[in-house]
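J.: File follows, entry-v1.txt with compact mmCIF, C-alpha atoms and all ligand atoms:
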# COMPACT_ATOMS: atom_id res chain seq x y z
CA MET A 172 101.37 31.82 45.91
CA ASN A 173 103.38 33.64 43.30
CA PRO A 174 104.78 36.77 44.96
CA THR A 175 104.49 38.78 41.76
CA THR A 176 100.69 38.68 42.11
CA LYS A 177 100.89 40.72 45.26
CA ARG A 178 99.91 44.37 45.09
CA LYS A 179 102.57 46.90 45.96
CA ILE A 180 101.87 49.34 48.75
CA ALA A 181 104.06 52.35 49.52
CA ILE A 182 103.60 53.79 53.00
CA ILE A 183 105.27 57.16 53.32
CA GLY A 184 105.97 58.24 56.88
CA GLY A 185 107.14 55.92 59.65
CA GLY A 186 105.19 57.22 62.66
CA PRO A 187 102.51 55.36 64.65
CA ALA A 188 99.92 55.60 61.82
CA GLY A 189 102.24 54.25 59.11
CA LEU A 190 103.76 51.58 61.35
CA MET A 191 100.38 50.27 62.47
CA LEU A 192 99.20 50.09 58.86
CA ALA A 193 102.31 48.13 57.89
CA ALA A 194 101.90 45.84 60.89
CA ARG A 195 98.28 45.01 60.07
CA LEU A 196 98.46 44.57 56.28
CA ASP A 197 98.16 41.02 55.02
CA GLU A 198 101.62 40.03 53.81
CA LYS A 199 100.09 37.34 51.60
CA LYS A 200 98.28 40.01 49.62
CA PHE A 201 100.68 42.94 49.70
CA GLU A 202 104.31 43.75 49.17
CA VAL A 203 104.84 46.65 51.52
CA THR A 204 107.58 49.27 51.58
CA LEU A 205 107.65 51.92 54.26
CA TYR A 206 109.52 55.11 53.38
CA GLU A 207 110.84 57.40 56.10
CA LYS A 208 112.86 60.58 55.71
CA ASN A 209 114.85 60.10 58.93
CA THR A 210 117.56 57.52 59.47
CA ALA A 211 115.07 55.57 61.61
CA PRO A 212 111.28 55.57 61.97
CA ALA A 213 109.12 56.92 64.80
CA ARG A 214 111.23 59.69 66.29
CA LYS A 215 108.17 61.59 67.49
CA PHE A 216 106.80 58.40 69.05
CA LEU A 217 110.03 58.10 71.05
CA VAL A 218 109.88 61.78 72.04
CA ALA A 219 106.30 61.20 73.19
CA GLY A 220 107.66 58.43 75.38
CA ASP A 221 110.10 60.70 77.20
CA GLY A 222 107.70 61.51 80.00
CA GLY A 223 106.09 58.04 80.00
CA LEU A 224 104.64 56.52 76.84
CA ASN A 225 100.92 57.16 77.18
CA LEU A 226 99.51 54.81 74.53
CA THR A 227 95.82 55.33 75.15
CA HIS A 228 93.25 55.97 77.89
CA SER A 229 91.09 53.51 79.78
CA GLU A 230 87.83 55.44 79.95
CA PRO A 231 84.66 53.79 78.58
CA LEU A 232 84.40 53.98 74.81
CA GLU A 233 81.27 56.18 74.79
CA GLN A 234 83.12 58.84 76.77
CA PHE A 235 86.39 58.18 74.97
CA ILE A 236 84.91 58.95 71.55
CA LYS A 237 83.65 62.35 72.74
CA ARG A 238 87.21 63.58 73.34
CA TYR A 239 87.81 63.85 69.59
CA THR A 240 87.06 66.71 67.20
CA PRO A 241 85.14 66.09 65.05
CA VAL A 242 83.38 63.27 66.90
CA SER A 243 81.45 62.24 63.77
CA PHE A 244 84.69 61.47 61.94
CA PHE A 245 86.20 59.48 64.80
CA GLU A 246 83.22 57.53 66.04
CA PRO A 247 83.34 54.77 63.39
CA ILE A 248 87.13 54.71 63.50
CA LEU A 249 87.22 54.09 67.25
CA ARG A 250 84.27 51.72 67.32
CA ASN A 251 86.18 49.56 64.85
CA PHE A 252 89.50 49.73 66.72
CA SER A 253 89.03 50.93 70.27
CA ASN A 254 91.27 51.60 73.26
CA THR A 255 90.77 48.01 74.45
CA ASP A 256 91.57 46.67 70.96
CA LEU A 257 94.81 48.65 70.99
CA GLN A 258 95.79 47.26 74.41
CA GLU A 259 95.04 43.72 73.24
CA TRP A 260 97.11 44.22 70.13
CA PHE A 261 100.06 45.50 72.13
CA LYS A 262 99.76 42.51 74.43
CA SER A 263 99.75 40.21 71.39
CA ILE A 264 103.10 41.63 70.25
CA GLY A 265 104.68 41.29 73.68
CA VAL A 266 103.87 44.71 75.14
CA PRO A 267 101.47 44.27 78.07
CA THR A 268 100.03 47.52 79.36
CA PHE A 269 98.89 48.90 82.70
CA THR A 270 96.46 51.61 83.78
CA GLY A 271 98.02 54.48 85.74
CA THR A 272 96.27 56.38 88.53
CA SER A 273 95.18 59.00 85.97
CA LYS A 274 93.40 56.16 84.05
CA ARG A 275 95.96 56.57 81.26
CA ILE A 276 97.41 53.43 79.69
CA PHE A 277 101.17 52.85 79.55
CA PRO A 278 103.43 49.93 78.61
CA GLN A 279 103.93 47.80 81.69
CA LYS A 280 106.57 49.13 84.09
CA GLY A 281 110.09 48.42 82.90
CA ILE A 282 109.21 48.37 79.18
CA LYS A 283 110.97 51.31 77.57
CA PRO A 284 109.55 53.26 74.55
CA ILE A 285 112.36 51.93 72.34
CA GLU A 286 111.36 48.38 73.31
CA VAL A 287 107.76 49.13 72.31
CA LEU A 288 109.02 50.43 68.97
CA ASN A 289 111.24 47.37 68.53
CA ALA A 290 108.26 45.09 69.18
CA ILE A 291 106.34 46.86 66.40
CA LEU A 292 109.34 46.72 64.06
CA LYS A 293 109.66 42.98 64.76
CA VAL A 294 106.10 42.52 63.44
CA LEU A 295 107.09 44.40 60.29
CA LYS A 296 110.22 42.29 59.89
CA ASP A 297 108.24 39.06 60.28
CA LYS A 298 105.90 40.30 57.54
CA ASN A 299 108.80 41.16 55.25
CA VAL A 300 107.94 44.84 55.19
CA LYS A 301 110.82 46.73 53.59
CA ILE A 302 111.87 49.90 55.35
CA GLN A 303 113.58 52.52 53.27
CA THR A 304 114.98 55.26 55.47
CA ASN A 305 116.52 58.59 54.36
CA TYR A 306 113.76 58.90 51.77
CA THR A 307 112.00 62.27 51.65
CA TRP A 308 108.84 62.32 49.60
CA LYS A 309 108.64 65.43 47.40
CA GLY A 310 105.40 65.00 45.53
CA GLU A 311 106.44 62.21 43.18
CA GLU A 312 104.24 59.25 42.21
CA MET A 313 105.50 56.19 44.06
CA ASN A 314 106.36 52.93 42.36
CA ALA A 315 103.33 51.17 43.86
CA ASP A 316 99.70 50.21 43.21
CA ILE A 317 98.58 51.99 46.36
CA SER A 318 100.27 54.87 48.20
CA VAL A 319 99.47 55.81 51.77
CA PHE A 320 100.67 59.05 53.31
CA ALA A 321 101.26 59.14 57.06
CA LEU A 322 103.49 62.20 57.23
CA GLY A 323 102.35 63.56 60.61
CA GLY A 324 101.49 67.09 61.73
CA SER A 325 103.73 70.11 62.01
CA SER A 326 105.16 70.41 65.50
CA TRP A 327 108.50 69.26 66.90
CA LYS A 328 109.97 69.56 63.40
CA VAL A 329 113.24 68.12 64.68
CA THR A 330 111.48 64.72 64.77
CA GLY A 331 110.82 64.87 61.01
CA SER A 332 107.15 65.88 61.13
CA ASP A 333 107.65 69.28 59.52
CA GLY A 334 104.49 69.70 57.46
CA ALA A 335 106.65 70.51 54.42
CA TRP A 336 104.41 68.31 52.27
CA THR A 337 101.41 70.67 52.05
CA GLY A 338 102.44 72.24 48.71
CA TYR A 339 102.49 68.88 46.91
CA PHE A 340 98.87 68.25 47.83
CA LYS A 341 97.81 71.83 47.06
CA GLU A 342 99.18 71.35 43.53
CA LYS A 343 96.64 68.56 43.09
CA GLY A 344 93.81 70.86 44.20
CA ILE A 345 93.57 69.20 47.62
CA GLU A 346 92.43 71.56 50.37
CA ILE A 347 94.94 72.20 53.13
CA ILE A 348 93.75 73.77 56.38
CA PRO A 349 96.53 75.93 57.91
CA PHE A 350 98.32 74.23 60.82
CA GLN A 351 97.63 75.51 64.31
CA ALA A 352 99.11 74.53 67.63
CA SER A 353 97.07 72.22 69.85
CA ASN A 354 97.82 70.83 73.29
CA CYS A 355 100.16 73.77 73.59
CA ALA A 356 101.00 76.60 75.94
CA PHE A 357 98.43 79.41 76.03
CA LYS A 358 99.52 83.01 76.36
CA ILE A 359 98.19 85.04 79.29
CA ASN A 360 99.50 88.49 80.16
CA TRP A 361 100.12 87.87 83.86
CA SER A 362 101.24 90.68 86.14
CA LYS A 363 104.91 90.66 87.16
CA ASN A 364 103.76 90.07 90.70
CA LEU A 365 101.93 86.86 89.80
CA ILE A 366 104.90 85.52 87.85
CA SER A 367 107.24 86.22 90.78
CA LEU A 368 104.89 84.39 93.15
CA ALA A 369 103.62 81.49 91.08
CA GLU A 370 105.82 80.79 88.02
CA GLY A 371 106.33 77.04 87.63
CA LEU A 372 103.77 76.18 90.29
CA PRO A 373 100.97 73.72 89.55
CA LEU A 374 97.29 74.32 90.19
CA LYS A 375 95.99 70.91 91.19
CA ASN A 376 92.42 69.60 91.52
CA ILE A 377 90.94 72.48 89.60
CA SER A 378 88.51 72.56 86.72
CA LEU A 379 88.47 74.85 83.73
CA LYS A 380 85.56 75.94 81.59
CA SER A 381 85.50 77.51 78.15
CA LEU A 382 82.47 77.90 75.88
CA ASN A 383 80.55 75.82 78.44
CA VAL A 384 82.87 72.83 78.11
CA ARG A 385 84.39 71.86 81.46
CA LYS A 386 87.59 69.88 81.99
CA GLU A 387 89.18 68.71 85.20
CA GLY A 388 92.84 68.19 85.82
CA GLU A 389 95.95 70.16 86.45
CA VAL A 390 97.65 73.22 84.98
CA VAL A 391 100.95 74.99 85.52
CA ILE A 392 101.45 78.76 85.61
CA THR A 393 104.37 79.82 83.43
CA ALA A 394 105.87 83.19 82.54
CA PHE A 395 104.27 82.76 79.09
CA GLY A 396 100.84 81.80 80.40
CA MET A 397 99.49 78.37 81.21
CA GLU A 398 100.08 74.73 80.29
CA GLY A 399 98.79 71.37 81.45
CA SER A 400 96.21 68.67 80.86
CA ALA A 401 93.11 70.68 81.84
CA ILE A 402 93.85 73.57 79.50
CA TYR A 403 95.15 71.32 76.69
CA ALA A 404 91.79 69.60 76.70
CA LEU A 405 90.11 72.94 75.95
CA SER A 406 92.33 73.62 72.92
CA PRO A 407 89.43 73.50 70.39
CA GLN A 408 87.27 75.95 72.40
CA ILE A 409 90.17 78.34 73.04
CA ARG A 410 91.40 78.21 69.44
CA GLN A 411 87.90 78.90 68.13
CA GLN A 412 87.60 82.09 70.24
CA LEU A 413 91.11 83.22 69.36
CA ASN A 414 90.43 82.76 65.66
CA GLU A 415 87.20 84.77 65.92
CA HIS A 416 88.10 87.48 68.47
CA GLN A 417 91.90 87.36 68.97
CA LYS A 418 91.23 86.57 72.62
CA ALA A 419 89.60 83.75 74.53
CA PHE A 420 88.10 83.32 77.97
CA CYS A 421 88.51 80.42 80.29
CA TYR A 422 87.05 80.19 83.78
CA ILE A 423 88.92 78.40 86.51
CA ASP A 424 87.17 76.73 89.43
CA LEU A 425 89.67 76.61 92.29
CA LYS A 426 87.41 74.48 94.48
CA PRO A 427 85.36 72.12 92.28
CA SER A 428 84.52 69.89 95.26
CA LEU A 429 82.36 72.65 96.85
CA SER A 430 79.19 74.13 95.38
CA LEU A 431 78.86 77.91 95.19
CA ALA A 432 76.24 77.85 97.97
CA LYS A 433 78.42 75.75 100.30
CA LEU A 434 81.46 77.85 99.58
CA THR A 435 79.57 81.10 100.27
CA LYS A 436 78.32 79.69 103.57
CA PHE A 437 81.82 78.62 104.42
CA LEU A 438 83.23 82.11 103.76
CA GLU A 439 80.40 83.71 105.73
CA SER A 440 81.32 81.66 108.76
CA LYS A 441 84.91 82.94 108.91
CA PRO A 442 85.73 83.78 112.54
CA ALA A 443 86.03 87.54 113.04
CA ASN A 444 89.52 87.20 114.50
CA ASN A 445 90.90 85.46 111.38
CA THR A 446 91.92 87.14 108.12
CA MET A 447 90.30 85.98 104.90
CA THR A 448 93.75 85.12 103.46
CA ASN A 449 94.56 82.85 106.40
CA TYR A 450 91.11 81.34 106.32
CA LEU A 451 91.35 80.51 102.61
CA SER A 452 94.80 78.97 102.76
CA GLY A 453 94.51 77.45 106.23
CA THR A 454 90.96 76.14 106.38
CA LEU A 455 89.95 75.95 102.72
CA ASN A 456 93.38 74.58 101.79
CA LEU A 457 93.95 76.87 98.81
CA SER A 458 97.57 76.38 97.70
CA LYS A 459 100.18 79.11 97.29
CA SER A 460 99.58 79.26 93.54
CA GLN A 461 95.79 79.31 93.95
CA MET A 462 96.05 82.16 96.48
CA ALA A 463 98.43 84.11 94.22
CA LEU A 464 96.09 83.72 91.26
CA LEU A 465 93.00 84.63 93.26
CA LYS A 466 94.61 87.73 94.74
CA ASN A 467 95.92 88.87 91.37
CA LEU A 468 92.61 88.51 89.60
CA THR A 469 90.31 90.00 92.25
CA THR A 470 90.02 93.36 93.98
CA LYS A 471 90.40 94.06 97.69
CA GLU A 472 86.68 94.76 97.75
CA ASP A 473 85.92 91.26 96.38
CA PHE A 474 87.71 89.86 99.43
CA THR A 475 85.35 91.66 101.78
CA LYS A 476 82.15 90.14 100.37
CA PRO A 477 81.79 86.35 100.86
CA GLU A 478 79.27 86.03 98.04
CA THR A 479 81.44 87.83 95.49
CA LEU A 480 84.59 86.08 96.63
CA ALA A 481 82.94 82.66 96.45
CA ALA A 482 81.78 83.42 92.91
CA LYS A 483 85.33 84.34 91.94
CA ILE A 484 86.79 81.19 93.50
CA LYS A 485 84.28 79.12 91.52
CA GLU A 486 84.69 81.04 88.26
CA LEU A 487 87.86 83.06 88.03
CA PRO A 488 88.14 84.53 84.51
CA LEU A 489 91.38 84.09 82.59
CA GLU A 490 91.96 86.03 79.39
CA ILE A 491 94.00 84.10 76.86
CA VAL A 492 95.61 86.20 74.16
CA GLY A 493 97.44 83.69 72.00
CA LEU A 494 98.76 80.22 71.35
CA GLY A 495 102.28 79.07 72.15
CA PRO A 496 104.79 78.45 69.35
CA ILE A 497 103.55 75.76 66.98
CA ASP A 498 106.87 73.90 66.99
CA GLU A 499 106.63 73.39 70.76
CA ALA A 500 103.06 72.10 70.64
CA ILE A 501 102.33 68.45 71.39
CA SER A 502 100.12 68.25 68.32
CA THR A 503 98.72 70.32 65.50
CA THR A 504 95.36 70.71 63.87
CA GLY A 505 95.13 71.54 60.20
CA GLY A 506 96.66 69.66 57.30
CA ILE A 507 94.53 67.79 54.80
CA SER A 508 90.85 68.69 55.12
CA LEU A 509 88.61 65.77 56.12
CA GLU A 510 86.38 66.77 53.20
CA GLU A 511 89.10 65.53 50.88
CA ILE A 512 88.93 61.86 51.91
CA ASP A 513 86.25 59.18 51.73
CA THR A 514 85.32 56.93 54.65
CA ASN A 515 88.32 54.70 53.87
CA PHE A 516 90.85 57.58 53.98
CA GLN A 517 91.20 57.64 50.17
CA LEU A 518 91.78 61.04 48.57
CA LYS A 519 88.72 61.79 46.44
CA LYS A 520 90.81 63.84 43.99
CA TRP A 521 93.67 61.32 43.84
CA PRO A 522 92.30 57.77 43.79
CA GLY A 523 94.64 55.04 44.96
CA HIS A 524 96.25 57.48 47.41
CA TYR A 525 95.30 57.44 51.08
CA VAL A 526 96.01 59.70 54.06
CA ILE A 527 96.08 58.73 57.76
CA GLY A 528 97.29 60.06 61.10
CA GLU A 529 97.99 63.56 62.32
CA MET A 530 98.42 64.98 58.81
CA LEU A 531 94.61 65.06 58.61
CA ASP A 532 92.72 67.97 60.19
CA TRP A 533 91.51 66.59 63.55
CA ASP A 534 92.11 67.24 67.20
CA ALA A 535 92.25 65.36 70.48
CA PRO A 536 93.66 66.07 73.92
CA THR A 537 96.76 64.52 75.44
CA GLY A 538 96.10 61.46 77.55
CA GLY A 539 96.78 58.84 74.88
CA TYR A 540 94.02 60.01 72.53
CA LEU A 541 96.45 61.28 69.90
CA LEU A 542 98.36 58.02 69.54
CA GLN A 543 95.15 56.01 69.68
CA GLY A 544 93.71 58.12 66.83
CA SER A 545 96.72 57.46 64.60
CA PHE A 546 96.96 53.75 65.51
CA SER A 547 93.23 53.25 64.88
CA MET A 548 93.41 54.85 61.45
CA GLY A 549 96.41 52.67 60.52
CA ASN A 550 94.61 49.54 61.67
CA ASN A 551 91.34 50.40 59.95
CA LEU A 552 92.93 51.21 56.62
CA ALA A 553 94.83 47.90 56.76
CA GLU A 554 91.58 46.04 57.44
CA TYR A 555 89.88 47.79 54.54
CA LEU A 556 92.73 47.13 52.11
CA ASN A 557 93.05 43.50 53.26
CA LYS A 558 89.36 42.97 52.53
CA SER A 559 89.26 44.81 49.24
CA ALA A 560 92.49 43.40 47.79
CA VAL A 561 91.99 41.20 44.79
CA VAL A 562 94.70 38.56 44.69
CA HIS A 563 95.34 36.85 41.34
CA SER A 564 96.70 33.41 42.04
C1 LIG B 1 106.46 66.04 73.09
C2 LIG B 1 105.32 65.18 72.61
C3 LIG B 1 104.69 64.35 73.51
C4 LIG B 1 103.61 63.56 73.09
N1 LIG B 1 103.00 62.75 73.98
C5 LIG B 1 101.96 62.00 73.59
C6 LIG B 1 101.34 61.11 74.50
O1 LIG B 1 101.79 60.95 75.63
N2 LIG B 1 100.25 60.40 74.08
C7 LIG B 1 99.75 60.55 72.82
O2 LIG B 1 98.74 59.91 72.50
N3 LIG B 1 100.36 61.34 71.91
C8 LIG B 1 101.44 62.06 72.28
N4 LIG B 1 102.05 62.88 71.35
C9 LIG B 1 101.48 62.99 69.98
C10 LIG B 1 101.86 61.81 69.09
O3 LIG B 1 103.25 61.53 69.19
C11 LIG B 1 101.49 62.12 67.63
O4 LIG B 1 100.14 62.52 67.57
C12 LIG B 1 101.72 60.91 66.73
O5 LIG B 1 103.10 60.60 66.70
C13 LIG B 1 101.22 61.15 65.31
O6 LIG B 1 101.47 59.98 64.56
P1 LIG B 1 101.61 60.03 62.97
O7 LIG B 1 102.02 58.66 62.57
O8 LIG B 1 100.39 60.60 62.37
O9 LIG B 1 102.78 61.06 62.67
P2 LIG B 1 104.28 61.20 63.18
O10 LIG B 1 104.52 60.44 64.42
O11 LIG B 1 104.53 62.65 63.20
O12 LIG B 1 105.12 60.49 62.04
C14 LIG B 1 105.24 61.01 60.73
C15 LIG B 1 106.50 60.47 60.10
O13 LIG B 1 106.57 60.90 58.74
C16 LIG B 1 107.89 61.29 58.43
N5 LIG B 1 107.85 62.24 57.32
C17 LIG B 1 107.39 63.51 57.32
N6 LIG B 1 107.51 64.07 56.12
C18 LIG B 1 108.06 63.13 55.31
C19 LIG B 1 108.41 63.09 53.92
N7 LIG B 1 108.22 64.15 53.11
N8 LIG B 1 108.94 61.96 53.41
C20 LIG B 1 109.14 60.85 54.20
N9 LIG B 1 108.82 60.83 55.52
C21 LIG B 1 108.28 61.95 56.06
C22 LIG B 1 108.42 61.91 59.71
O14 LIG B 1 109.82 61.89 59.77
C23 LIG B 1 107.77 61.00 60.78
O15 LIG B 1 108.61 59.93 61.12
C24 LIG B 1 103.17 63.64 71.74
C25 LIG B 1 103.83 64.47 70.84
C26 LIG B 1 104.91 65.23 71.26
C27 LIG B 1 105.61 66.12 70.27
Could you spell out this file's structure in structure tokens?
T.:
Amino acid sequence: MNPTTKRKIAIIGGGPAGLMLAARLDEKKFEVTLYEKNTAPARKFLVAGDGGLNLTHSEPLEQFIKRYTPVSFFEPILRNFSNTDLQEWFKSIGVPTFTGTSKRIFPQKGIKPIEVLNAILKVLKDKNVKIQTNYTWKGEEMNADISVFALGGSSWKVTGSDGAWTGYFKEKGIEIIPFQASNCAFKINWSKNLISLAEGLPLKNISLKSLNVRKEGEVVITAFGMEGSAIYALSPQIRQQLNEHQKAFCYIDLKPSLSLAKLTKFLESKPANNTMTNYLSGTLNLSKSQMALLKNLTTKEDFTKPETLAAKIKELPLEIVGLGPIDEAISTTGGISLEEIDTNFQLKKWPGHYVIGEMLDWDAPTGGYLLQGSFSMGNNLAEYLNKSAVVHS
């Protein structure tokens, strides 16, 4: 086939979304160039790998889909390229995966994040994808038939994902939703006493509820407030309340394994010669941090009434007064409004130009859902373009 008949695609942004798109495009139909402002692609991907590269999650697809906001946007994306599809693809490029105890999926033990990246880059090399680094897009039309933006969100700016691109899209009348931190620290005005007793301590095997959505997992008490998987997963509910009322409520269940009735009965049967504090930590196994939190957020009187105390242990209210700094957040919401794209990620107001990955306004918790979302969009756009490409031979 004459190579000049191939259509030119410019992918701008070398994160998971852009890399997956490049890896899945048909090299017989397209001449692909990937532009990246850094000296090398995927810095945020490598940062994400620092604490273990959590590529996706193993839960059943029906449940998996519900983790995303908005679900309606993600459902077709994930049905087309699911968590199992992603694992199979990684296996096919020499990156077998394993499921951790938390049901999260990681590259098999011993495979480092840089090796995962190199395996992806090898696919690009084999497909003759050109990579142009040190190229910062500033609103210009690219020398290509199709341009795809995969510029990321706006946290951890040091990785290159700085959200500095919003103005160029605004100039074209494209709606930009302001960035907000997600999967971030949440500010709580703890008492000095609580910080001195519990700063840095985890609260394990708890559940958290906000706006009637309940999440299980773990959190850590910090001087700023609270962090951790359980509270990250409630980011949409907390952000919504903060945006409307400048404060948000979250209710922590310190003993999810016991019903309120069982817990009340248990507290009522405390031996008279034991103190409630000893009984809770000794027999109920409440940890140091759980005890500190409970004591700080209840009155002495609450401790004297089993029914009231049980209710507090099951639903201890936390008042959240703000989000942590956006640059320290694991992800951001905001960016290009989903209203601006069609079902194939094409900008309605700028035909021939597509947008994928975290630069779109969506949200998902940590646990591999963020990377999966970006990888799925990259894959699906490649499939669509491969199918729709007209090749003149
Ligand atoms: C500390 C941390 C831990 C994380 N852990 C996990 C995890 O365990 N699991 C998970 O699923 N997700 C995790 N994430 C989130 C995940 O890394 C991101 O959601 C994902 O990288 C988004 O992919 P993307 O391709 O959309 O954008 P990005 O990865 O942000 O890539 C965008 C690329 O575009 C480039 N770029 C930006 N502007 C321009 C421009 N004007 N011109 C040219 N290039 C430009 C950037 O340099 C960057 O390389 C973590 C994130 C952080 C910060």
J.: Within 7 Å of ligand LIG 1 (chain B), counting all atoms listed in the file: which residues, as a compact mmCIF listing (two decimals) with C-alpha atoms, in the frame of the given file?
T.:
# COMPACT_ATOMS: atom_id res chain seq x y z
CA ILE A 183 105.27 57.16 53.32
CA GLY A 184 105.97 58.24 56.88
CA GLY A 185 107.14 55.92 59.65
CA GLY A 186 105.19 57.22 62.66
CA PRO A 187 102.51 55.36 64.65
CA ALA A 188 99.92 55.60 61.82
CA GLY A 189 102.24 54.25 59.11
CA TYR A 206 109.52 55.11 53.38
CA GLU A 207 110.84 57.40 56.10
CA LYS A 208 112.86 60.58 55.71
CA ASN A 209 114.85 60.10 58.93
CA PRO A 212 111.28 55.57 61.97
CA ALA A 213 109.12 56.92 64.80
CA ARG A 214 111.23 59.69 66.29
CA LYS A 215 108.17 61.59 67.49
CA PHE A 216 106.80 58.40 69.05
CA VAL A 218 109.88 61.78 72.04
CA ALA A 219 106.30 61.20 73.19
CA GLY A 220 107.66 58.43 75.38
CA GLY A 223 106.09 58.04 80.00
CA LEU A 224 104.64 56.52 76.84
CA ASN A 225 100.92 57.16 77.18
CA LEU A 226 99.51 54.81 74.53
CA THR A 227 95.82 55.33 75.15
CA TYR A 306 113.76 58.90 51.77
CA THR A 307 112.00 62.27 51.65
CA TRP A 308 108.84 62.32 49.60
CA LYS A 309 108.64 65.43 47.40
CA ALA A 321 101.26 59.14 57.06
CA LEU A 322 103.49 62.20 57.23
CA GLY A 323 102.35 63.56 60.61
CA GLY A 324 101.49 67.09 61.73
CA SER A 326 105.16 70.41 65.50
CA TRP A 327 108.50 69.26 66.90
CA THR A 330 111.48 64.72 64.77
CA GLY A 331 110.82 64.87 61.01
CA SER A 332 107.15 65.88 61.13
CA ASP A 333 107.65 69.28 59.52
CA GLY A 334 104.49 69.70 57.46
CA ALA A 335 106.65 70.51 54.42
CA TRP A 336 104.41 68.31 52.27
CA ALA A 500 103.06 72.10 70.64
CA ILE A 501 102.33 68.45 71.39
CA SER A 502 100.12 68.25 68.32
CA ILE A 527 96.08 58.73 57.76
CA GLY A 528 97.29 60.06 61.10
CA GLU A 529 97.99 63.56 62.32
CA MET A 530 98.42 64.98 58.81
CA THR A 537 96.76 64.52 75.44
CA GLY A 538 96.10 61.46 77.55
CA GLY A 539 96.78 58.84 74.88
CA TYR A 540 94.02 60.01 72.53
CA LEU A 541 96.45 61.28 69.90
CA LEU A 542 98.36 58.02 69.54
CA GLN A 543 95.15 56.01 69.68
CA SER A 545 96.72 57.46 64.60
J.: Using all atoms listed in the file, which residues of range 405-506 of chain A come within 8 Å of range 373-392 of chain A, and what is the closest atom pair for each, with the distance in Å to one decimal? Give it as a Markdown table, sorted by chain and residue number.
T.:
| residue | atom | partner | partner_atom | distance |
| --- | --- | --- | --- | --- |
| A:Leu405 | CA | A:Ser381 | CA | 6.9 |
| A:Gln408 | CA | A:Ser381 | CA | 6.2 |
| A:Ile409 | CA | A:Ser381 | CA | 7.0 |
| A:Phe420 | CA | A:Ser381 | CA | 6.4 |
| A:Cys421 | CA | A:Ser381 | CA | 4.7 |
| A:Tyr422 | CA | A:Lys380 | CA | 5.0 |
| A:Ile423 | CA | A:Leu379 | CA | 4.5 |
| A:Asp424 | CA | A:Ser378 | CA | 5.2 |
| A:Leu425 | CA | A:Ile377 | CA | 5.1 |
| A:Lys426 | CA | A:Ile377 | CA | 6.3 |
| A:Pro427 | CA | A:Ile377 | CA | 6.2 |
| A:Ser458 | CA | A:Leu374 | CA | 7.8 |
| A:Ser460 | CA | A:Leu374 | CA | 6.4 |
| A:Gln461 | CA | A:Leu374 | CA | 6.4 |
J.: What separation in Å, quoted to one decimal, exists between CA of Phe340 in chain A and CA of Lys519 in chain A?
T.: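 Separation between CA of Phe340 in chain A and CA of Lys519 in chain A: 12.1 Å.
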J.: Tell me which residues come within 8 Å of (87.8, 77.1, 100.9), as a ChimeraX atom specification, counting all atoms listed in the file in the file's coordinates.
T.: /A:426,434,437-438,450-452,454-457
J.: Using only C-alpha atoms, which of the listed residues (A:Val203, A:Val329, A:Ala463, A:Leu429) sits closest to Glu499 in chain A?
T.: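 Of the candidates, the smallest distance to Glu499 in chain A is held by A:Val329.
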J.: Quick one: residues within 8 Å of Leu232 in chain A, all atoms listed in the file counted, chain neighbours fewer than 4 positions away excluded, as a list in words?
T.: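 The filter keeps Ile236, Arg250, Ser253 and Asn254 of chain A.
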J.: With C-alpha atoms retained, write the just-selected residues as a PDB file, in the frame of the given file.
T.:
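Dumped to selection.pdb:
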ATOM      1  CA  ILE A 236      84.910  58.950  71.550  1.00  0.00           C
ATOM      2  CA  ARG A 250      84.270  51.720  67.320  1.00  0.00           C
ATOM      3  CA  SER A 253      89.030  50.930  70.270  1.00  0.00           C
ATOM      4  CA  ASN A 254      91.270  51.600  73.260  1.00  0.00           C
TER       5      ASN A 254
END
J.: For Lys341 in chain A, which of A:Ser430, A:Gly506, A:Asp513, A:Pro522 is the closest residue, counting all atoms listed in the file?
T.: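 With all atoms listed in the file as the atom set, the closest residue is A:Gly506.
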J.: Could you jot down the CA of Leu509 in chain A to CA of Ala211 in chain A separation for me, Å, one decimal place?
T.: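 The value is 28.9 Å.
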J.: Enter the distance from CA of Ile347 in chain A to CA of Met313 in chain A, in Å, rounded to one decimal.
T.: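 Atom-to-atom, CA of Ile347 in chain A and CA of Met313 in chain A are spaced 21.2 Å apart.
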J.: Got a sec: who's within 9 Å of Leu468 in chain A, counting all atoms listed in the file, leaving out chain neighbours fewer than 3 positions off, as a list in words?
T.: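 Here the answer would be Ala463, Leu464, Leu465, Lys483, Leu487, Pro488 and Leu489 of chain A.
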J.: Quick one: residues within 9 Å of range 362-365 of chain A, only C-alpha atoms, excluding same-chain residues fewer than 2 positions away - as a ChimeraX atom specification?
T.: /A:360,367-370,394,460,463-464,466-467
J.: Could you give me, as JSON, numbers by chain, the residues within 12 Å of Ala432 in chain A, counting only C-alpha atoms and dropping anything in the same chain fewer than 4 positions from it?
T.: {"A": [428, 436, 437, 438, 439, 477, 478, 479, 480, 481, 482, 484, 485]}
J.: Between A:Glu398, A:Asp221, A:Asp316, A:Glu415, which is the closest to Arg178 in chain A once you count all atoms listed in the file?
T.: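 Result for the nearest residue to Arg178 in chain A: A:Asp316.
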J.: Which is closest to Lys418 in chain A among A:Tyr525, A:Phe244, A:Phe201, A:Phe357, if we use all atoms listed in the file?
T.: A:Phe357
J.: So, counting only C-alpha atoms, which residue among A:Ile366, A:Ala193, A:Val300, A:Ile317 is closest to Ala560 in chain A?
T.: A:Ile317
J.: Given all atoms listed in the file as the basis, pick out the residue of A:Gly493, A:Val294, A:Lys471, A:Leu556 nearest to Gly396 in chain A.
T.: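 The closest residue to Gly396 in chain A is A:Gly493.
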